[in-house]
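S.K.: File follows, protein-v2.tsv with TSV, C-alpha atoms:
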chain	number	residue	atom	x	y	z
A	22	MET	CA	-18.91	-3.22	-5.55
A	23	THR	CA	-16.20	-2.74	-2.92
A	24	LYS	CA	-15.34	0.84	-2.00
A	25	VAL	CA	-11.86	1.80	-0.78
A	26	LEU	CA	-11.06	5.15	0.81
A	27	ILE	CA	-7.39	6.19	0.52
A	28	LEU	CA	-6.30	8.89	2.98
A	29	GLY	CA	-3.09	10.62	1.93
A	30	ALA	CA	-3.58	9.60	-1.69
A	31	ASN	CA	-0.58	11.56	-2.99
A	32	GLY	CA	1.86	9.38	-1.08
A	33	ARG	CA	4.22	7.27	-3.15
A	34	ILE	CA	2.89	3.97	-1.81
A	35	ALA	CA	-0.68	5.17	-2.19
A	36	ARG	CA	-0.13	6.03	-5.86
A	37	ILE	CA	1.20	2.53	-6.53
A	38	VAL	CA	-1.78	1.00	-4.73
A	39	GLU	CA	-4.20	3.25	-6.62
A	40	GLN	CA	-2.88	2.20	-10.03
A	41	ARG	CA	-2.78	-1.47	-9.12
A	42	LEU	CA	-6.33	-1.39	-7.77
A	43	LEU	CA	-7.52	0.20	-11.01
A	44	ALA	CA	-5.64	-2.34	-13.13
A	45	GLU	CA	-6.31	-5.49	-11.10
A	46	THR	CA	-9.72	-5.01	-9.45
A	47	ASP	CA	-13.09	-3.35	-10.00
A	48	VAL	CA	-13.16	-1.41	-6.69
A	49	GLN	CA	-14.39	2.16	-6.44
A	50	LEU	CA	-11.81	4.59	-5.03
A	51	THR	CA	-12.23	7.76	-3.00
A	52	LEU	CA	-8.90	9.60	-2.83
A	53	VAL	CA	-8.31	12.26	-0.18
A	54	LEU	CA	-5.28	14.57	-0.31
A	55	ARG	CA	-4.43	18.14	0.59
A	56	ASN	CA	-3.84	19.31	-2.99
A	57	ALA	CA	-6.11	17.60	-5.50
A	58	GLY	CA	-4.14	19.08	-8.39
A	59	ARG	CA	-1.23	16.77	-7.63
A	60	LEU	CA	-3.19	13.66	-8.56
A	61	LEU	CA	-3.74	12.57	-12.14
A	62	VAL	CA	-7.08	10.80	-12.44
A	63	THR	CA	-6.86	8.02	-15.03
A	64	SER	CA	-10.25	6.40	-14.41
A	65	PRO	CA	-12.83	9.11	-13.61
A	66	GLU	CA	-15.71	6.62	-13.55
A	67	ARG	CA	-14.04	4.77	-10.67
A	68	GLU	CA	-12.14	7.52	-8.85
A	69	THR	CA	-13.46	10.36	-6.73
A	70	VAL	CA	-10.87	12.91	-5.61
A	71	ILE	CA	-11.47	14.98	-2.48
A	72	GLN	CA	-9.23	17.87	-1.45
A	73	GLY	CA	-8.86	18.38	2.27
A	74	ASP	CA	-7.05	17.69	5.53
A	75	VAL	CA	-7.55	14.25	7.08
A	76	SER	CA	-7.51	15.80	10.56
A	77	ASP	CA	-10.82	17.53	9.65
A	78	SER	CA	-13.52	15.36	11.26
A	79	GLN	CA	-16.29	16.98	9.21
A	80	LEU	CA	-14.46	16.13	5.99
A	81	LEU	CA	-14.02	12.52	7.10
A	82	ASP	CA	-17.69	12.21	8.00
A	83	THR	CA	-18.49	13.41	4.48
A	84	VAL	CA	-16.34	10.82	2.70
A	85	MET	CA	-16.61	7.89	5.14
A	86	PRO	CA	-20.24	6.69	4.65
A	87	ASN	CA	-20.60	3.45	2.64
A	88	GLN	CA	-16.85	2.81	2.47
A	89	ASP	CA	-15.73	-0.80	2.96
A	90	ILE	CA	-12.00	-0.33	3.58
A	91	VAL	CA	-9.94	2.66	4.73
A	92	TYR	CA	-6.24	2.74	3.82
A	93	ALA	CA	-4.33	5.50	5.62
A	94	ASN	CA	-1.02	6.61	4.12
A	95	LEU	CA	-0.20	9.58	6.34
A	96	ALA	CA	2.48	11.62	8.09
A	97	GLY	CA	2.30	14.32	10.73
A	98	ASN	CA	0.44	14.23	14.04
A	99	MET	CA	-0.25	10.51	13.86
A	100	ALA	CA	-2.05	10.13	17.18
A	101	LEU	CA	-4.48	12.92	16.29
A	102	LEU	CA	-5.01	11.47	12.82
A	103	ALA	CA	-5.58	7.97	14.20
A	104	GLN	CA	-8.14	9.18	16.71
A	105	THR	CA	-9.99	11.28	14.12
A	106	ILE	CA	-10.10	8.39	11.64
A	107	ILE	CA	-11.17	5.79	14.20
A	108	THR	CA	-13.93	8.07	15.52
A	109	SER	CA	-15.30	8.69	12.03
A	110	MET	CA	-15.10	5.01	11.11
A	111	ASN	CA	-17.06	4.11	14.25
A	112	ARG	CA	-19.69	6.77	13.54
A	113	ASN	CA	-20.11	5.57	9.98
A	114	HIS	CA	-19.76	1.82	10.59
A	115	VAL	CA	-16.76	1.31	8.30
A	116	PRO	CA	-15.35	-2.15	8.99
A	117	HIS	CA	-11.59	-2.16	8.33
A	118	LEU	CA	-8.51	0.08	8.53
A	119	ILE	CA	-5.10	-0.46	6.93
A	120	TRP	CA	-2.53	1.76	8.66
A	121	VAL	CA	1.02	2.21	7.31
A	122	THR	CA	3.71	3.32	9.73
A	123	GLY	CA	7.37	2.65	10.54
A	124	SER	CA	9.07	-0.12	12.45
A	125	GLY	CA	9.83	0.11	16.16
A	126	LEU	CA	6.31	0.53	17.53
A	127	TYR	CA	6.94	-2.10	20.21
A	128	HIS	CA	10.73	-1.67	20.53
A	129	GLU	CA	10.89	-4.83	18.44
A	130	THR	CA	13.64	-3.62	16.10
A	131	PRO	CA	17.10	-4.91	17.15
A	132	ASN	CA	20.19	-2.71	17.19
A	133	PRO	CA	21.97	-1.25	15.39
A	134	PHE	CA	18.93	-0.58	13.18
A	135	GLY	CA	16.63	0.04	16.15
A	136	ALA	CA	18.90	2.77	17.51
A	137	TRP	CA	19.29	4.22	13.99
A	138	VAL	CA	15.50	4.46	13.62
A	139	GLU	CA	15.13	6.21	16.97
A	140	GLN	CA	17.87	8.68	16.08
A	141	VAL	CA	16.68	9.45	12.57
A	142	VAL	CA	12.95	9.65	13.28
A	143	GLY	CA	13.35	11.28	16.69
A	144	HIS	CA	11.91	10.14	20.00
A	145	ALA	CA	8.97	12.56	19.97
A	146	ALA	CA	7.85	11.46	16.50
A	147	LYS	CA	8.33	7.78	17.34
A	148	ASN	CA	6.34	8.15	20.56
A	149	ASP	CA	3.57	9.79	18.53
A	150	THR	CA	3.40	6.81	16.15
A	151	ARG	CA	3.35	4.45	19.13
A	152	HIS	CA	0.47	6.40	20.63
A	153	ALA	CA	-1.38	6.20	17.31
A	154	ALA	CA	-0.92	2.42	17.24
A	155	ARG	CA	-2.30	2.11	20.77
A	156	ILE	CA	-5.37	4.13	19.74
A	157	ILE	CA	-5.97	1.82	16.78
A	158	GLU	CA	-5.33	-1.41	18.66
A	159	SER	CA	-7.57	-0.44	21.58
A	160	SER	CA	-10.48	0.50	19.30
A	161	ASP	CA	-13.33	-1.70	18.10
A	162	ILE	CA	-12.28	-1.24	14.47
A	163	PRO	CA	-10.67	-4.32	12.88
A	164	ALA	CA	-7.32	-3.06	11.63
A	165	THR	CA	-4.08	-4.11	10.00
A	166	ILE	CA	-0.99	-2.13	11.00
A	167	ILE	CA	1.96	-2.35	8.61
A	168	ARG	CA	5.32	-1.56	10.28
A	169	ALA	CA	7.76	-0.82	7.50
A	170	ALA	CA	11.55	-0.84	7.50
A	171	TYR	CA	13.38	2.03	5.81
A	172	MET	CA	11.48	2.65	2.56
A	173	THR	CA	13.12	2.81	-0.85
A	174	ASP	CA	11.91	3.42	-4.40
A	175	ASP	CA	13.32	0.13	-5.69
A	176	THR	CA	10.75	-1.49	-7.99
A	177	LYS	CA	11.63	-4.98	-6.78
A	178	ILE	CA	8.90	-6.79	-4.84
A	179	ASP	CA	10.60	-8.94	-2.22
A	180	TYR	CA	9.55	-9.06	1.43
A	181	GLU	CA	9.11	-11.10	4.55
A	182	LEU	CA	6.70	-10.46	7.40
A	183	THR	CA	6.99	-10.54	11.16
A	184	TYR	CA	4.12	-10.36	13.62
A	185	LYS	CA	3.59	-8.41	16.83
A	186	GLY	CA	5.59	-10.09	19.55
A	187	GLU	CA	8.28	-11.26	17.12
A	188	ARG	CA	11.70	-9.70	16.58
A	189	PHE	CA	11.69	-7.43	13.53
A	190	LYS	CA	13.74	-8.69	10.59
A	191	GLY	CA	15.51	-6.57	7.99
A	192	THR	CA	16.28	-2.88	7.62
A	193	MET	CA	14.99	-1.81	4.19
A	194	ILE	CA	11.87	-2.36	2.08
A	195	SER	CA	10.69	-1.09	-1.29
A	196	ARG	CA	7.47	0.90	-1.50
A	197	ALA	CA	6.47	-1.51	-4.27
A	198	SER	CA	6.66	-4.34	-1.74
A	199	ILE	CA	4.54	-2.47	0.80
A	200	ALA	CA	1.99	-1.76	-1.93
A	201	ASP	CA	1.96	-5.46	-2.82
A	202	LEU	CA	1.17	-6.37	0.80
A	203	ILE	CA	-1.62	-3.79	0.86
A	204	MET	CA	-3.05	-5.32	-2.32
A	205	LYS	CA	-3.07	-8.75	-0.66
A	206	ILE	CA	-4.80	-7.36	2.41
A	207	ILE	CA	-7.46	-5.62	0.32
A	208	ALA	CA	-8.04	-8.80	-1.71
A	209	ASP	CA	-8.39	-10.73	1.53
A	210	LEU	CA	-10.88	-8.20	2.90
A	211	ILE	CA	-12.93	-8.31	-0.29
A	212	MET	CA	-13.23	-12.06	0.25
A	213	LYS	CA	-14.35	-11.39	3.81
A	214	ILE	CA	-17.13	-9.17	2.50
A	215	ILE	CA	-18.52	-12.25	0.75
A	216	ALA	CA	-18.24	-14.23	4.00
A	217	GLU	CA	-14.80	-15.79	3.70
A	218	PRO	CA	-12.24	-15.58	6.54
A	219	THR	CA	-9.41	-13.04	6.54
A	220	ALA	CA	-5.80	-13.67	7.51
A	221	TYR	CA	-4.91	-10.04	8.16
A	222	GLU	CA	-7.63	-8.72	10.46
A	223	ASN	CA	-6.39	-7.34	13.79
A	224	THR	CA	-2.74	-7.93	12.97
A	225	SER	CA	0.40	-5.81	13.17
A	226	LEU	CA	2.84	-6.79	10.43
A	227	GLY	CA	6.49	-5.89	10.18
A	228	ILE	CA	7.71	-5.79	6.59
A	229	ALA	CA	11.29	-5.78	5.31
A	230	GLN	CA	13.38	-7.18	2.49
A	231	PRO	CA	14.95	-10.56	3.28
A	232	GLY	CA	18.69	-10.53	3.75
A	233	THR	CA	18.96	-6.90	4.90
A	234	ASP	CA	19.24	-7.62	8.64
A	235	ASN	CA	22.84	-6.43	8.99
A	236	MET	CA	22.58	-3.41	6.70
A	237	LEU	CA	21.97	0.17	7.78
A	238	PRO	CA	20.35	2.62	5.32
A	239	GLN	CA	22.85	5.22	4.17
A	240	VAL	CA	20.47	8.16	3.96
A	241	LYS	CA	19.54	9.95	7.19
A	242	LEU	CA	16.23	11.79	6.95
A	243	MET	CA	14.03	13.20	9.71
A	244	ALA	CA	10.96	11.56	8.20
A	245	GLN	CA	10.02	9.43	5.24
A	246	HIS	CA	7.31	10.30	2.77
A	247	ARG	CA	5.11	7.27	2.30
Now that the file is in, can you turn its structure into structure tokens?
M.R.:
Amino acid sequence: MTKVLILGANGRIARIVEQRLLAETDVQLTLVLRNAGRLLVTSPERETVIQGDVSDSQLLDTVMPNQDIVYANLAGNMALLAQTIITSMNRNHVPHLIWVTGSGLYHETPNPFGAWVEQVVGHAAKNDTRHAARIIESSDIPATIIRAAYMTDDTKIDYELTYKGERFKGTMISRASIADLIMKIIADLIMKIIAEPTAYENTSLGIAQPGTDNMLPQVKLMAQHR
């Protein structure tokens, strides 16, 4: 049975993914978050909840063994978190990472949205996420990086993808859409485990809602909770 480790399990995208995995698959979930009391366990036979900080390497080495897929849904010191996760995955021979972050990692987001992202997120924070991406991409761990446009709580699932080296399209994306992409990636990786090829391994995917290219989000926040 496939085992999925979700880091930052209280995030809004992570909670959607958790419920969809329980409803649509038979995977076993390990859910790591800072305050375990925030998470309502609906399937105790398939969910293990761990309270702790993902930057704690000892904690990661406790939960990492025998996992098949790590999905990181995090905020904060992203470069430190990326390095800690990659190191633990290497030590414990875990074969795939799904990493959710924002657009603009490669200065691929055209203005005016690109400038808006830099202003709202802040240069220091954006440089930290870029450093985290470099750590992941230079590692030996097969990974999928998801570069999301401005995230909304719209329940509509509607998205288009761009790849590293391509100009980013769109400005907004629902968390439900990001969760749907993560579900597709996990399904693809489960097929790989039984020796089928995967379309998402070692890719960096931009995700946004079609038709939003010329729209700027109206809410200015210093950071988005994933």
S.K.: Enumerate, as an NGL selection string, the protein, DNA and RNA residues whose atoms approach (-10.6, -2.3, 9.7) to within 8 Å, taking into account all atoms listed in the file and the coordinate frame of the file.
M.R.: :A and (90-91 or 115-119 or 162-165 or 222-223)
S.K.: Please determine, counting only C-alpha atoms, which residue among A:Ala170, A:Ile178, A:Ser195, A:Leu50 has the shortest atom-to-atom distance to Trp137 (chain A).
M.R.: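 Looking only at the distances to Trp137 (chain A), the closest residue turns out to be A:Ala170.
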S.K.: Using CA of Arg196 (chain A) and CA of Ile157 (chain A) as the two end points, give the distance in Å to one decimal.
M.R.: 22.7 Å
S.K.: One decimal, in Å: what's the spacing between CA of Val138 (chain A) and CA of Gly125 (chain A)?
M.R.: 7.6 Å
S.K.: Give as JSON, numbers by chain each residue that has an atom at most 6 Å from (9.3, -2.2, 12.6) in the file, counting only C-alpha atoms.
M.R.: {"A": [123, 124, 125, 130, 168, 169, 170, 189, 227]}
S.K.: Which is closer to Asn31 (chain A) than all the others in A:Pro65, A:Leu43, A:Asp89, A:Gln72, using only C-alpha atoms?
M.R.: A:Gln72
S.K.: With all atoms listed in the file as the counted atoms, please give the residues lying no more than 10 Å from Lys147 (chain A), apart from itself and same-chain residues fewer than 3 positions off, as a list of chain:residue names.
M.R.: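 Final neighbour list, sorted by chain and number: A:Met99, A:Thr122, A:Gly123, A:Ser124, A:Gly125, A:Leu126, A:Val138, A:Glu139, A:Gln140, A:Val141, A:Val142, A:Gly143, A:His144, A:Thr150, A:Arg151, A:His152, A:Ala153.
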S.K.: Excluding same-chain residues fewer than 6 positions from Asn111 (chain A), what lies within 10 Å of it counting only C-alpha atoms, as a JSON list (two decimals) with C-alpha atoms, keeping the file's coordinate frame?
M.R.:
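Saved result, around-v9.json, follows:
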[["chain", "number", "residue", "atom", "x", "y", "z"],
["A", 85, "MET", "CA", -16.61, 7.89, 5.14],
["A", 160, "SER", "CA", -10.48, 0.50, 19.30],
["A", 161, "ASP", "CA", -13.33, -1.70, 18.10],
["A", 162, "ILE", "CA", -12.28, -1.24, 14.47]]
S.K.: What does the structure give for the distance between CA of Lys185 (chain A) and CA of Pro131 (chain A), in Å to one decimal?
M.R.: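 Taking CA of Lys185 (chain A) and CA of Pro131 (chain A), their separation equals 14.0 Å.
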S.K.: Of the residues A:Val121, A:Leu102, A:Ala229, A:Ile71, which is the one nearest to Ile203 (chain A), using only C-alpha atoms?
M.R.: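 Looking at the shortest contact to Ile203 (chain A), the residue is A:Val121.
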S.K.: Which residue gives the smallest distance to Ala93 (chain A) among A:Ser198, A:Thr46, A:Thr51, A:Thr63, with only C-alpha atoms counted?
M.R.: A:Thr51
